[in-house]
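> Here you go, run_15.cif (mmCIF, C-alpha atoms):
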data_upload
#
loop_
_atom_site.label_atom_id
_atom_site.label_comp_id
_atom_site.auth_asym_id
_atom_site.auth_seq_id
_atom_site.Cartn_x
_atom_site.Cartn_y
_atom_site.Cartn_z
CA MET A 1 -113.01 86.17 -12.61
CA ILE A 2 -115.53 83.90 -10.87
CA GLN A 3 -115.37 81.59 -13.84
CA LEU A 4 -111.57 81.56 -13.69
CA LEU A 5 -111.60 80.70 -9.97
CA LEU A 6 -114.11 77.95 -10.63
CA GLN A 7 -111.88 76.50 -13.36
CA LEU A 8 -108.92 76.51 -10.96
CA ALA A 9 -110.97 74.92 -8.19
CA LEU A 10 -112.37 72.15 -10.38
CA LEU A 11 -109.03 71.38 -12.03
CA PHE A 12 -107.06 71.05 -8.80
CA ALA A 13 -109.80 69.42 -6.72
CA GLY A 14 -110.08 66.71 -9.36
CA LEU A 15 -106.32 66.19 -9.57
CA SER A 16 -106.01 66.28 -5.78
CA MET A 17 -107.89 63.00 -5.61
CA LEU A 18 -105.72 61.44 -8.33
CA ALA A 19 -102.37 62.52 -6.90
CA PHE A 20 -101.14 59.06 -5.97
CA GLY A 21 -97.45 58.75 -5.29
CA GLY A 22 -96.81 61.96 -3.42
CA GLY A 23 -98.26 64.67 -5.61
CA ALA A 24 -95.57 64.72 -8.31
CA GLY A 25 -97.64 62.27 -10.33
CA VAL A 26 -100.19 64.86 -11.40
CA ILE A 27 -97.58 67.30 -12.75
CA PRO A 28 -98.04 66.08 -16.36
CA ASP A 29 -101.81 66.60 -16.12
CA ILE A 30 -101.39 70.03 -14.52
CA GLN A 31 -98.94 70.94 -17.25
CA ARG A 32 -101.33 69.89 -20.02
CA ALA A 33 -104.29 71.75 -18.50
CA VAL A 34 -102.38 74.92 -17.61
CA VAL A 35 -100.22 75.23 -20.73
CA ASP A 36 -102.14 73.54 -23.56
CA HIS A 37 -105.77 73.82 -22.53
CA TYR A 38 -106.27 77.03 -20.53
CA HIS A 39 -103.11 78.87 -21.70
CA TRP A 40 -102.54 80.37 -18.25
CA MET A 41 -98.78 79.90 -18.71
CA THR A 42 -96.22 79.10 -21.40
CA ALA A 43 -94.27 75.82 -21.20
CA ARG A 44 -91.20 77.85 -20.16
CA GLU A 45 -93.09 79.60 -17.34
CA PHE A 46 -94.44 76.27 -16.18
CA LEU A 47 -90.98 74.74 -15.86
CA ASP A 48 -89.76 77.92 -14.11
CA THR A 49 -92.57 77.77 -11.53
CA PHE A 50 -91.90 74.04 -11.14
CA ALA A 51 -88.29 74.89 -10.31
CA ILE A 52 -89.39 77.62 -7.87
CA SER A 53 -91.77 75.27 -6.06
CA ARG A 54 -88.99 72.70 -5.75
CA ALA A 55 -86.45 75.20 -4.42
CA MET A 56 -88.84 76.45 -1.72
CA PRO A 57 -89.48 74.46 1.47
CA GLY A 58 -92.69 72.49 1.76
CA PRO A 59 -94.46 70.10 -0.59
CA GLY A 60 -93.80 70.41 -4.33
CA SER A 61 -97.57 70.52 -4.91
CA LEU A 62 -97.36 74.17 -3.86
CA ILE A 63 -96.76 74.77 -7.57
CA VAL A 64 -100.57 75.09 -7.80
CA VAL A 65 -100.31 78.25 -5.68
CA LEU A 66 -98.05 79.81 -8.29
CA ILE A 67 -100.37 78.77 -11.11
CA GLY A 68 -103.34 80.27 -9.27
CA GLN A 69 -101.33 83.41 -8.62
CA LYS A 70 -100.45 83.76 -12.31
CA ALA A 71 -103.98 83.01 -13.51
CA ALA A 72 -106.01 85.02 -10.99
CA GLY A 73 -103.81 86.77 -8.42
CA LEU A 74 -104.08 86.13 -4.68
CA PRO A 75 -107.67 84.83 -4.81
CA GLY A 76 -106.50 82.36 -7.44
CA ALA A 77 -103.61 81.28 -5.21
CA ALA A 78 -105.96 80.75 -2.24
CA VAL A 79 -108.54 78.80 -4.27
CA SER A 80 -105.84 76.62 -5.85
CA PHE A 81 -104.27 75.85 -2.47
CA LEU A 82 -107.58 74.80 -0.91
CA ALA A 83 -108.65 72.83 -3.96
CA MET A 84 -105.36 70.94 -4.14
CA PHE A 85 -105.10 70.04 -0.45
CA ALA A 86 -108.60 69.86 1.07
CA PRO A 87 -109.93 66.82 -0.87
CA SER A 88 -106.81 64.69 -0.39
CA CYS A 89 -106.63 65.62 3.31
CA LEU A 90 -110.23 64.54 3.76
CA ILE A 91 -109.48 61.23 2.04
CA VAL A 92 -106.43 60.65 4.26
CA TYR A 93 -108.51 61.31 7.32
CA ILE A 94 -111.16 58.78 6.31
CA VAL A 95 -108.61 56.21 5.16
CA ALA A 96 -106.60 56.66 8.38
CA ARG A 97 -109.65 55.61 10.38
CA ILE A 98 -110.30 52.55 8.22
CA TRP A 99 -106.58 51.72 8.19
CA HIS A 100 -106.44 51.66 11.95
CA ARG A 101 -109.28 49.20 12.13
CA ALA A 102 -107.71 46.98 9.45
CA GLY A 103 -104.67 46.27 11.63
CA ARG A 104 -102.65 43.46 10.07
CA SER A 105 -105.40 42.14 7.82
CA PRO A 106 -104.27 40.52 4.54
CA TRP A 107 -106.12 42.97 2.28
CA ARG A 108 -104.11 45.81 3.70
CA ALA A 109 -100.87 44.14 2.60
CA VAL A 110 -102.35 43.48 -0.86
CA VAL A 111 -103.36 47.12 -1.29
CA GLU A 112 -99.91 48.25 -0.16
CA ARG A 113 -98.19 46.01 -2.70
CA GLY A 114 -100.62 46.82 -5.48
CA LEU A 115 -100.33 50.59 -5.25
CA ALA A 116 -96.53 50.72 -5.11
CA PRO A 117 -95.74 49.98 -8.80
CA VAL A 118 -98.34 52.52 -9.96
CA ALA A 119 -96.99 55.21 -7.63
CA VAL A 120 -93.42 54.58 -8.78
CA GLY A 121 -94.51 54.76 -12.43
CA MET A 122 -96.18 58.11 -11.78
CA THR A 123 -92.99 59.47 -10.26
CA PHE A 124 -91.06 58.62 -13.44
CA ALA A 125 -93.85 59.98 -15.61
CA SER A 126 -93.66 63.42 -14.03
CA GLY A 127 -89.94 63.72 -14.84
CA LEU A 128 -90.38 62.41 -18.38
CA ALA A 129 -93.33 64.70 -19.13
CA LEU A 130 -91.38 67.77 -18.00
CA MET A 131 -88.44 66.84 -20.22
CA ARG A 132 -90.82 66.45 -23.16
CA GLY A 133 -92.61 69.72 -22.50
CA THR A 134 -89.66 72.08 -22.78
CA GLU A 135 -87.15 72.98 -25.43
CA SER A 136 -83.76 71.75 -24.34
CA GLY A 137 -80.14 71.73 -25.40
CA TRP A 138 -77.32 69.41 -24.47
CA LEU A 139 -76.52 71.31 -21.28
CA PRO A 140 -79.96 71.00 -19.62
CA TYR A 141 -80.13 67.33 -20.61
CA THR A 142 -76.68 66.67 -19.16
CA ILE A 143 -77.68 68.43 -15.93
CA THR A 144 -80.87 66.35 -15.72
CA ILE A 145 -79.04 63.06 -16.26
CA ALA A 146 -76.28 63.95 -13.78
CA SER A 147 -78.75 65.06 -11.10
CA THR A 148 -80.91 61.98 -11.67
CA ALA A 149 -77.89 59.82 -10.87
CA ALA A 150 -76.94 62.02 -7.91
CA PHE A 151 -80.41 61.84 -6.34
CA ALA A 152 -80.77 58.13 -7.01
CA PHE A 153 -77.44 56.99 -5.65
CA THR A 154 -76.16 59.60 -3.18
CA GLU A 155 -77.54 61.50 -0.19
CA ILE A 156 -76.78 64.88 -1.77
CA ASN A 157 -78.71 67.93 -0.54
CA PRO A 158 -81.22 68.96 -3.27
CA ILE A 159 -80.71 72.66 -2.54
CA ALA A 160 -76.97 72.38 -3.24
CA LEU A 161 -77.67 70.69 -6.56
CA LEU A 162 -80.39 73.20 -7.51
CA GLY A 163 -77.84 75.94 -6.89
CA ALA A 164 -75.25 74.14 -8.98
CA GLY A 165 -77.76 73.71 -11.82
CA ALA A 166 -78.61 77.41 -11.76
CA ALA A 167 -74.91 78.33 -11.81
CA ALA A 168 -74.20 75.92 -14.68
CA LEU A 169 -76.78 77.52 -16.98
CA LEU A 170 -75.82 81.06 -15.95
CA LEU A 171 -72.19 80.38 -16.86
CA GLY A 172 -72.98 78.12 -19.80
CA GLY A 173 -75.23 80.79 -21.32
CA GLY A 174 -78.42 78.72 -21.36
CA MET B 1 -115.00 63.18 17.43
CA THR B 2 -112.31 61.33 19.32
CA PRO B 3 -108.70 61.00 18.21
CA LEU B 4 -108.00 57.97 16.05
CA CYS B 5 -105.68 56.36 18.53
CA SER B 6 -106.44 57.00 22.15
CA GLN B 7 -104.84 54.08 23.91
CA PRO B 8 -101.99 55.16 26.20
CA ARG B 9 -98.51 54.33 25.03
CA THR B 10 -95.79 52.98 27.23
CA GLY B 11 -92.09 53.64 27.32
CA LEU B 12 -90.01 56.57 26.21
CA ASN B 13 -89.34 57.25 22.57
CA GLY B 14 -85.89 58.29 21.56
CA PRO B 15 -83.32 60.08 23.63
CA MET B 16 -85.44 63.15 24.25
CA GLY B 17 -88.84 61.48 24.45
CA LYS B 18 -91.24 63.17 26.82
CA GLN B 19 -93.97 60.94 28.18
CA GLU B 20 -96.23 63.73 29.40
CA SER B 21 -96.39 65.42 25.99
CA SER B 22 -97.90 62.42 24.17
CA GLN B 23 -101.20 64.34 24.02
CA PRO B 24 -99.98 67.76 22.88
CA SER B 25 -102.03 70.94 22.98
CA LEU B 26 -103.21 72.30 19.62
CA ALA B 27 -100.78 75.20 20.07
CA SER B 28 -97.76 72.95 20.55
CA LEU B 29 -98.91 70.76 17.65
CA PHE B 30 -99.01 73.88 15.45
CA MET B 31 -95.57 75.00 16.63
CA GLY B 32 -94.14 71.53 16.05
CA PHE B 33 -95.32 71.41 12.45
CA LEU B 34 -94.32 75.04 11.87
CA ARG B 35 -90.77 73.99 12.82
CA ILE B 36 -90.97 71.05 10.40
CA GLY B 37 -92.15 73.37 7.62
CA MET B 38 -89.21 75.69 8.24
CA SER B 39 -86.69 72.83 8.34
CA SER B 40 -87.83 71.34 5.07
CA PHE B 41 -85.53 73.49 2.94
CA GLY B 42 -83.80 71.07 0.62
CA GLY B 43 -86.22 68.17 0.80
CA GLY B 44 -85.92 65.28 3.18
CA LEU B 45 -89.12 66.49 4.78
CA THR B 46 -90.06 63.06 6.07
CA ALA B 47 -86.83 62.83 8.01
CA TRP B 48 -87.67 66.15 9.66
CA VAL B 49 -91.19 65.01 10.54
CA ARG B 50 -89.80 61.93 12.22
CA ARG B 51 -87.17 63.95 14.07
CA GLU B 52 -89.73 66.36 15.48
CA VAL B 53 -92.64 64.01 16.15
CA VAL B 54 -90.86 60.84 17.31
CA GLN B 55 -87.45 61.97 18.50
CA ARG B 56 -87.94 65.43 19.96
CA GLN B 57 -91.55 65.44 21.13
CA GLY B 58 -92.26 61.75 21.59
CA TRP B 59 -95.81 62.14 20.28
CA LEU B 60 -95.63 58.86 18.37
CA ASP B 61 -93.36 55.84 18.47
CA ASP B 62 -91.48 54.62 15.42
CA GLN B 63 -94.00 51.97 14.47
CA GLN B 64 -96.92 54.39 14.53
CA PHE B 65 -94.88 56.82 12.51
CA LEU B 66 -93.98 54.24 9.85
CA SER B 67 -97.49 52.96 9.35
CA GLY B 68 -98.63 56.56 9.02
CA TYR B 69 -95.90 57.14 6.47
CA ALA B 70 -96.89 54.07 4.40
CA LEU B 71 -100.49 55.17 4.44
CA SER B 72 -99.57 58.71 3.46
CA GLN B 73 -97.83 57.40 0.36
CA LEU B 74 -100.70 55.13 -0.55
CA VAL B 75 -103.45 57.70 -0.65
CA PRO B 76 -103.50 60.63 -3.09
CA GLY B 77 -101.89 63.93 -2.14
CA ALA B 78 -98.50 65.22 -1.06
CA THR B 79 -96.97 62.59 1.24
CA ASN B 80 -95.94 64.97 3.99
CA VAL B 81 -99.21 66.87 4.07
CA ASN B 82 -100.95 63.51 4.35
CA LEU B 83 -98.57 62.52 7.12
CA ALA B 84 -99.45 65.74 8.96
CA VAL B 85 -103.15 64.88 8.67
CA PHE B 86 -102.48 61.38 9.93
CA ILE B 87 -100.40 62.49 12.91
CA GLY B 88 -102.63 65.44 13.79
CA ALA B 89 -105.73 63.25 13.64
CA GLN B 90 -104.12 60.55 15.73
CA LEU B 91 -103.13 63.01 18.45
CA ARG B 92 -106.02 65.45 18.53
CA GLY B 93 -108.77 64.32 16.14
CA PRO B 94 -110.04 66.49 13.25
CA PRO B 95 -108.91 69.86 14.74
CA GLY B 96 -105.44 68.34 15.24
CA ALA B 97 -105.32 67.31 11.58
CA ALA B 98 -106.27 70.81 10.42
CA ILE B 99 -103.79 72.49 12.78
CA ALA B 100 -100.93 70.19 11.72
CA VAL B 101 -101.50 70.92 8.02
CA ALA B 102 -101.78 74.65 8.69
CA GLY B 103 -98.51 74.61 10.63
CA LEU B 104 -96.69 72.59 8.00
CA THR B 105 -97.75 74.72 5.03
CA ALA B 106 -97.96 78.23 6.54
CA LEU B 107 -94.35 79.28 6.02
CA PRO B 108 -93.71 77.54 2.67
CA LEU B 109 -96.94 79.07 1.37
CA VAL B 110 -95.82 82.62 2.20
CA LEU B 111 -92.35 82.01 0.72
CA VAL B 112 -93.77 80.55 -2.51
CA LEU B 113 -96.11 83.52 -2.91
CA ILE B 114 -93.24 85.98 -2.47
CA ALA B 115 -91.05 84.04 -4.91
CA GLY B 116 -93.92 83.94 -7.42
CA ALA B 117 -94.53 87.67 -7.14
CA VAL B 118 -90.83 88.35 -7.74
CA TYR B 119 -90.72 85.96 -10.70
CA PHE B 120 -93.84 87.21 -12.49
CA ASN B 121 -92.89 90.85 -11.97
CA THR B 122 -89.30 90.62 -13.20
CA ARG B 123 -89.99 88.78 -16.43
CA GLY B 124 -88.97 90.86 -19.42
CA MET B 125 -86.82 93.16 -17.32
CA PRO B 126 -83.06 93.43 -17.97
CA GLY B 127 -82.13 91.06 -15.15
CA GLY B 128 -84.89 88.73 -16.30
CA THR B 129 -82.76 86.67 -18.68
CA TRP B 130 -80.34 85.90 -15.86
CA LEU B 131 -83.18 84.81 -13.65
CA SER B 132 -84.66 82.65 -16.36
CA SER B 133 -81.26 81.01 -17.07
CA ALA B 134 -80.91 80.24 -13.38
CA LEU B 135 -84.44 78.87 -13.26
CA ALA B 136 -83.85 76.74 -16.36
CA GLY B 137 -80.83 75.21 -14.63
CA MET B 138 -82.86 74.59 -11.48
CA GLY B 139 -85.65 73.12 -13.60
CA SER B 140 -83.25 70.60 -15.14
CA VAL B 141 -82.14 69.58 -11.65
CA ALA B 142 -85.76 69.40 -10.44
CA ILE B 143 -86.58 66.98 -13.27
CA GLY B 144 -83.60 64.90 -12.14
CA LEU B 145 -85.05 64.95 -8.61
CA SER B 146 -88.26 63.32 -9.90
CA LEU B 147 -86.42 60.70 -11.95
CA GLY B 148 -83.88 60.01 -9.19
CA THR B 149 -86.66 59.55 -6.64
CA GLY B 150 -88.32 57.15 -9.08
CA ILE B 151 -85.14 55.07 -9.31
CA ARG B 152 -84.80 55.09 -5.52
CA LEU B 153 -88.40 53.95 -5.00
CA ALA B 154 -88.14 51.33 -7.74
CA ARG B 155 -85.03 49.79 -6.22
CA ARG B 156 -86.73 49.52 -2.84
CA ASN B 157 -90.24 48.48 -3.89
CA ILE B 158 -90.19 46.82 -7.30
CA ARG B 159 -88.56 43.40 -7.26
CA ARG B 160 -90.55 41.36 -9.79
CA VAL B 161 -91.27 41.43 -13.50
CA GLY B 162 -95.03 41.97 -13.16
CA PRO B 163 -94.91 45.11 -11.01
CA ALA B 164 -91.96 46.39 -13.08
CA CYS B 165 -94.12 46.15 -16.24
CA ILE B 166 -96.89 48.10 -14.52
CA THR B 167 -94.42 50.80 -13.47
CA ALA B 168 -93.05 51.00 -17.02
CA VAL B 169 -96.49 51.19 -18.66
CA VAL B 170 -97.64 53.95 -16.27
CA ALA B 171 -94.39 55.91 -16.73
CA LEU B 172 -94.37 55.70 -20.54
CA SER B 173 -98.09 56.15 -21.22
CA ILE B 174 -98.28 59.34 -19.13
CA GLY B 175 -94.72 60.63 -19.36
CA VAL B 176 -93.90 59.92 -23.00
CA PHE B 177 -97.19 59.39 -24.85
CA GLY B 178 -99.06 62.06 -22.87
CA LEU B 179 -102.17 60.04 -21.98
CA PRO B 180 -104.37 61.57 -19.25
CA LEU B 181 -103.61 60.32 -15.74
CA GLY B 182 -107.22 59.47 -14.86
CA ARG B 183 -107.66 57.07 -17.75
CA VAL B 184 -104.32 55.38 -17.18
CA LEU B 185 -105.08 54.88 -13.48
CA LEU B 186 -108.54 53.52 -14.28
CA VAL B 187 -106.90 50.65 -16.15
CA MET B 188 -103.58 50.16 -14.38
CA MET B 189 -104.74 50.49 -10.76
CA PRO B 190 -107.18 47.54 -10.81
CA LEU B 191 -104.63 45.55 -12.82
CA SER B 192 -101.90 46.19 -10.26
CA LEU B 193 -104.21 45.37 -7.33
CA LEU B 194 -105.29 42.16 -9.06
CA LEU B 195 -101.67 41.19 -9.61
CA ALA B 196 -100.85 41.87 -5.96
CA TRP B 197 -103.85 39.80 -4.89
CA MET B 198 -102.93 36.86 -7.12
CA THR B 199 -99.34 36.82 -5.90
CA ARG B 200 -100.16 37.36 -2.21
CA GLN B 201 -98.44 35.27 0.42
CA ARG B 202 -100.70 32.77 2.07
#
Show this structure as structure tokens.


Amino acid sequence: MIQLLLQLALLFAGLSMLAFGGGAGVIPDIQRAVVDHYHWMTAREFLDTFAISRAMPGPGSLIVVLIGQKAAGLPGAAVSFLAMFAPSCLIVYIVARIWHRAGRSPWRAVVERGLAPVAVGMTFASGLALMRGTESGWLPYTITIASTAAFAFTEINPIALLGAGAAALLLGGG
Amino acid sequence: MTPLCSQPRTGLNGPMGKQESSQPSLASLFMGFLRIGMSSFGGGLTAWVRREVVQRQGWLDDQQFLSGYALSQLVPGATNVNLAVFIGAQLRGPPGAAIAVAGLTALPLVLVLIAGAVYFNTRGMPGGTWLSSALAGMGSVAIGLSLGTGIRLARRNIRRVGPACITAVVALSIGVFGLPLGRVLLVMMPLSLLLAWMTRQR
């Protein structure tokens, strides 16, 4: 049990400091560790918990709470939560202080422009990795493509679309 | 330690701005972020943070909010949790940062735990296939949410060939070829920063 908690803590603390681009960027790495390496979940369960964490309020990174819960119950959930959020929060705090002192200095603009393409790439990667990691038919793919377009080009409420997606597979016999 | 930004601000912010509340108590900071956490059903969390912090409470002005938002996206971690740290720290120092994060995540955390308990305990039961169909449908939409957000961000932030190539390499190497994030970032991050430095405006 202690060893399990330690594995959770080390995994998420490490990824916490790599989660550039809003947290979704580390989903592929979490998926690989949780499904392929530690076998805490199947690929199906992983996508299900991903969907749950997206349907709930709050940051999507709360998926780590579900993984901890599955792997080691409530202690696992608590350890995963702290490991995922404490390191990045500490970094923000330190960076916020430096940032304030930097004001309008040119290096600040360079860093802003340099990080953007990487963060955007990580956002795409998380979607692509999830598509790759699960068995899918034409219906799920169609739903993914349609909702990609909807989120990219309209101001649609995500909850409404999540509900529609659930209904589509229930009726379509997914 | 002192708050990050202690200089007094002038002027009212927004229609409901309250000058006297620009240095909120820890309790009201917690309640403010608890409200944001509850409102964040269906995404758009950042809009809710701005509404509460700038518009309703007047704790920050728009410019302070936006620079905090940019910074929150730049550093690792969930953007809105980072934003809570930034705002909490700015208003009340380290305790403020901790309180803001606690307020923001308290309710979602409880809800996620309940949802997880329901999910893991109903698998394999008769109703379970229905639930898993519904979740599969939601999963497909959630993937679309990631890709759609990517398109949105790309349209706003990527305007040249160089950065577009970096975005594509990061997306494909991790998302399609399954390379580990750490190694990809180790190469692509310095490359992207170098590119930004070489093309900087003088």

> Using only C-alpha atoms for the distances, tell me which of B:Met31, B:Leu60, B:Ala106, B:Leu193 is nearest to chain A.

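Smallest distance to chain A is found for B:Leu193.
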
> Identify, on the basis of only C-alpha atoms, every residue whose closest approach to range 136-151 of chain A does not exceed 6 Å; exclude the query and any residue fewer than 2 positions from it along the same chain; express the result as a list in words.

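So the residues in contact are Phe153 and Thr154 of chain A; Ser140, Val141, Gly144, Leu145, Leu147 and Gly148 of chain B.
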
> Tell me, counting only C-alpha atoms, for each residue of chain B within 6 Å of chain A, which pair of atoms is nearest and how far apart they are in Å to one decimal, in rows ordered by chain and increasing number, as a tab-separated table.


residue	atom	partner	partner_atom	distance
B:Gly37	CA	A:Gly58	CA	6.0
B:Ser40	CA	A:Pro57	CA	5.0
B:Phe41	CA	A:Pro57	CA	4.3
B:Gly42	CA	A:Ile159	CA	4.7
B:Gln73	CA	A:Gly21	CA	5.8
B:Val75	CA	A:Phe20	CA	6.0
B:Pro76	CA	A:Phe20	CA	4.0
B:Gly77	CA	A:Ala19	CA	5.0
B:Ala78	CA	A:Gly22	CA	4.4
B:Thr79	CA	A:Gly22	CA	4.7
B:Pro108	CA	A:Gly58	CA	5.2
B:Gly116	CA	A:Leu66	CA	5.9
B:Ser133	CA	A:Leu170	CA	5.6
B:Ala134	CA	A:Ala166	CA	4.0
B:Leu135	CA	A:Asp48	CA	5.5
B:Gly137	CA	A:Ala166	CA	4.2
B:Met138	CA	A:Leu162	CA	4.9
B:Gly139	CA	A:Ala51	CA	4.6
B:Ser140	CA	A:Thr144	CA	4.9
B:Val141	CA	A:Thr144	CA	5.3
B:Ile143	CA	A:Gly127	CA	4.9
B:Gly144	CA	A:Thr148	CA	4.0
B:Leu145	CA	A:Thr148	CA	5.9
B:Ser146	CA	A:Gly127	CA	5.2
B:Leu147	CA	A:Phe124	CA	5.3
B:Gly148	CA	A:Ala152	CA	4.2
B:Gly150	CA	A:Thr123	CA	5.3
B:Ile151	CA	A:Ala152	CA	5.8
B:Arg152	CA	A:Ala152	CA	5.3
B:Pro163	CA	A:Pro117	CA	5.4
B:Thr167	CA	A:Gly121	CA	4.1
B:Val170	CA	A:Gly121	CA	5.0
B:Ala171	CA	A:Ala125	CA	4.3
B:Ile174	CA	A:Ala125	CA	5.7
B:Gly175	CA	A:Ala125	CA	3.9
B:Ser192	CA	A:Gly114	CA	5.0
B:Leu193	CA	A:Gly114	CA	4.3
B:Ala196	CA	A:Gly114	CA	5.0
B:Trp197	CA	A:Val110	CA	5.7

> State, in Å with one decimal place, the distance from CA of Asp61 in chain B to CA of Arg156 in chain B.

23.2 Å

> Tell me which protein, DNA and RNA residues are within 12 Å of Gln3 in chain A, counting all atoms listed in the file, leaving out same-chain ones fewer than 5 positions away, and put them as a list in words.

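Everything that qualifies: Leu8, Ala9, Leu10, Ala71, Ala72 and Gly76 of chain A.
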
> Which distance in Å separates CA of Val79 in chain A and CA of Ile2 in chain A, to one decimal?

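Going from CA of Val79 in chain A over to CA of Ile2 in chain A, I get 10.9 Å.
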
> Just to confirm, what's the straight-line distance from CA of Asn157 in chain B to CA of Asn80 in chain B in Å (one decimal)?

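For CA of Asn157 in chain B relative to CA of Asn80 in chain B, the distance reads 19.1 Å.
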
> Hey, can you pull every residue with an atom no more than 12 Å from (-97.1, 68.3, 17.8), using all atoms listed in the file, and send it as an MDAnalysis selection string?

chainID B and resid 18 21:36 49:60 84:92 96:97 99:101 103:104

> Which of these, B:Met38, B:Leu109, B:Leu83, B:Ile158, has the shortest distance to Tyr69 in chain B once you count only C-alpha atoms?

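Closest to Tyr69 in chain B of all the choices is B:Leu83.
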
> Tell me which of B:Thr199, B:Asp62, B:Arg155, B:Ser173 sits closest to Val187 in chain B, counting all atoms listed in the file.

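So, comparing all the options, the nearest one is B:Ser173.
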
> Rank B:Gly93, B:Met198, B:Thr122, B:Asn82 by their smallest atom-to-atom distance to Thr105 in chain B, using only C-alpha atoms, and report the top residue only.

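When distances to Thr105 in chain B are compared using only C-alpha atoms, the smallest one comes from B:Asn82.
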
> Pull out range 88-106 of chain A, keep N, CA and C atoms, and write it as a PDB file, in the first residue's frame.


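File decode-v5.pdb, as written:
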ATOM      1  N   SER A  88       2.996  22.240  -8.981  1.00  0.00           N
ATOM      2  CA  SER A  88       2.734  23.285  -9.972  1.00  0.00           C
ATOM      3  C   SER A  88       2.311  24.583  -9.286  1.00  0.00           C
ATOM      4  N   CYS A  89       1.556  24.469  -8.182  1.00  0.00           N
ATOM      5  CA  CYS A  89       1.160  25.681  -7.454  1.00  0.00           C
ATOM      6  C   CYS A  89       2.372  26.415  -6.898  1.00  0.00           C
ATOM      7  N   LEU A  90       3.319  25.643  -6.399  1.00  0.00           N
ATOM      8  CA  LEU A  90       4.546  26.240  -5.864  1.00  0.00           C
ATOM      9  C   LEU A  90       5.312  26.967  -6.974  1.00  0.00           C
ATOM     10  N   ILE A  91       5.377  26.330  -8.137  1.00  0.00           N
ATOM     11  CA  ILE A  91       6.064  26.950  -9.272  1.00  0.00           C
ATOM     12  C   ILE A  91       5.363  28.254  -9.668  1.00  0.00           C
ATOM     13  N   VAL A  92       4.025  28.215  -9.754  1.00  0.00           N
ATOM     14  CA  VAL A  92       3.284  29.434 -10.110  1.00  0.00           C
ATOM     15  C   VAL A  92       3.609  30.543  -9.133  1.00  0.00           C
ATOM     16  N   TYR A  93       3.624  30.191  -7.846  1.00  0.00           N
ATOM     17  CA  TYR A  93       3.871  31.206  -6.847  1.00  0.00           C
ATOM     18  C   TYR A  93       5.231  31.879  -7.056  1.00  0.00           C
ATOM     19  N   ILE A  94       6.244  31.046  -7.282  1.00  0.00           N
ATOM     20  CA  ILE A  94       7.596  31.589  -7.490  1.00  0.00           C
ATOM     21  C   ILE A  94       7.656  32.407  -8.778  1.00  0.00           C
ATOM     22  N   VAL A  95       7.078  31.832  -9.857  1.00  0.00           N
ATOM     23  CA  VAL A  95       7.108  32.530 -11.142  1.00  0.00           C
ATOM     24  C   VAL A  95       6.330  33.849 -11.066  1.00  0.00           C
ATOM     25  N   ALA A  96       5.214  33.845 -10.324  1.00  0.00           N
ATOM     26  CA  ALA A  96       4.407  35.059 -10.203  1.00  0.00           C
ATOM     27  C   ALA A  96       5.234  36.197  -9.616  1.00  0.00           C
ATOM     28  N   ARG A  97       6.076  35.867  -8.651  1.00  0.00           N
ATOM     29  CA  ARG A  97       6.929  36.901  -8.041  1.00  0.00           C
ATOM     30  C   ARG A  97       7.939  37.436  -9.044  1.00  0.00           C
ATOM     31  N   ILE A  98       8.587  36.503  -9.776  1.00  0.00           N
ATOM     32  CA  ILE A  98       9.577  36.929 -10.770  1.00  0.00           C
ATOM     33  C   ILE A  98       8.895  37.739 -11.873  1.00  0.00           C
ATOM     34  N   TRP A  99       7.743  37.240 -12.299  1.00  0.00           N
ATOM     35  CA  TRP A  99       6.962  37.859 -13.368  1.00  0.00           C
ATOM     36  C   TRP A  99       6.657  39.317 -13.046  1.00  0.00           C
ATOM     37  N   HIS A 100       6.246  39.554 -11.817  1.00  0.00           N
ATOM     38  CA  HIS A 100       5.906  40.901 -11.404  1.00  0.00           C
ATOM     39  C   HIS A 100       7.095  41.833 -11.517  1.00  0.00           C
ATOM     40  N   ARG A 101       8.260  41.302 -11.168  1.00  0.00           N
ATOM     41  CA  ARG A 101       9.449  42.155 -11.238  1.00  0.00           C
ATOM     42  C   ARG A 101       9.864  42.394 -12.680  1.00  0.00           C
ATOM     43  N   ALA A 102       9.544  41.439 -13.572  1.00  0.00           N
ATOM     44  CA  ALA A 102       9.976  41.557 -14.968  1.00  0.00           C
ATOM     45  C   ALA A 102       9.256  42.684 -15.691  1.00  0.00           C
ATOM     46  N   GLY A 103       8.013  42.992 -15.264  1.00  0.00           N
ATOM     47  CA  GLY A 103       7.284  44.084 -15.896  1.00  0.00           C
ATOM     48  C   GLY A 103       7.152  43.899 -17.396  1.00  0.00           C
ATOM     49  N   ARG A 104       7.586  44.872 -18.166  1.00  0.00           N
ATOM     50  CA  ARG A 104       7.467  44.777 -19.620  1.00  0.00           C
ATOM     51  C   ARG A 104       8.793  44.424 -20.277  1.00  0.00           C
ATOM     52  N   SER A 105       9.658  43.721 -19.583  1.00  0.00           N
ATOM     53  CA  SER A 105      10.978  43.441 -20.152  1.00  0.00           C
ATOM     54  C   SER A 105      10.855  42.546 -21.378  1.00  0.00           C
ATOM     55  N   PRO A 106      11.827  42.690 -22.334  1.00  0.00           N
ATOM     56  CA  PRO A 106      11.716  41.956 -23.604  1.00  0.00           C
ATOM     57  C   PRO A 106      11.756  40.432 -23.422  1.00  0.00           C
TER      58      PRO A 106
END
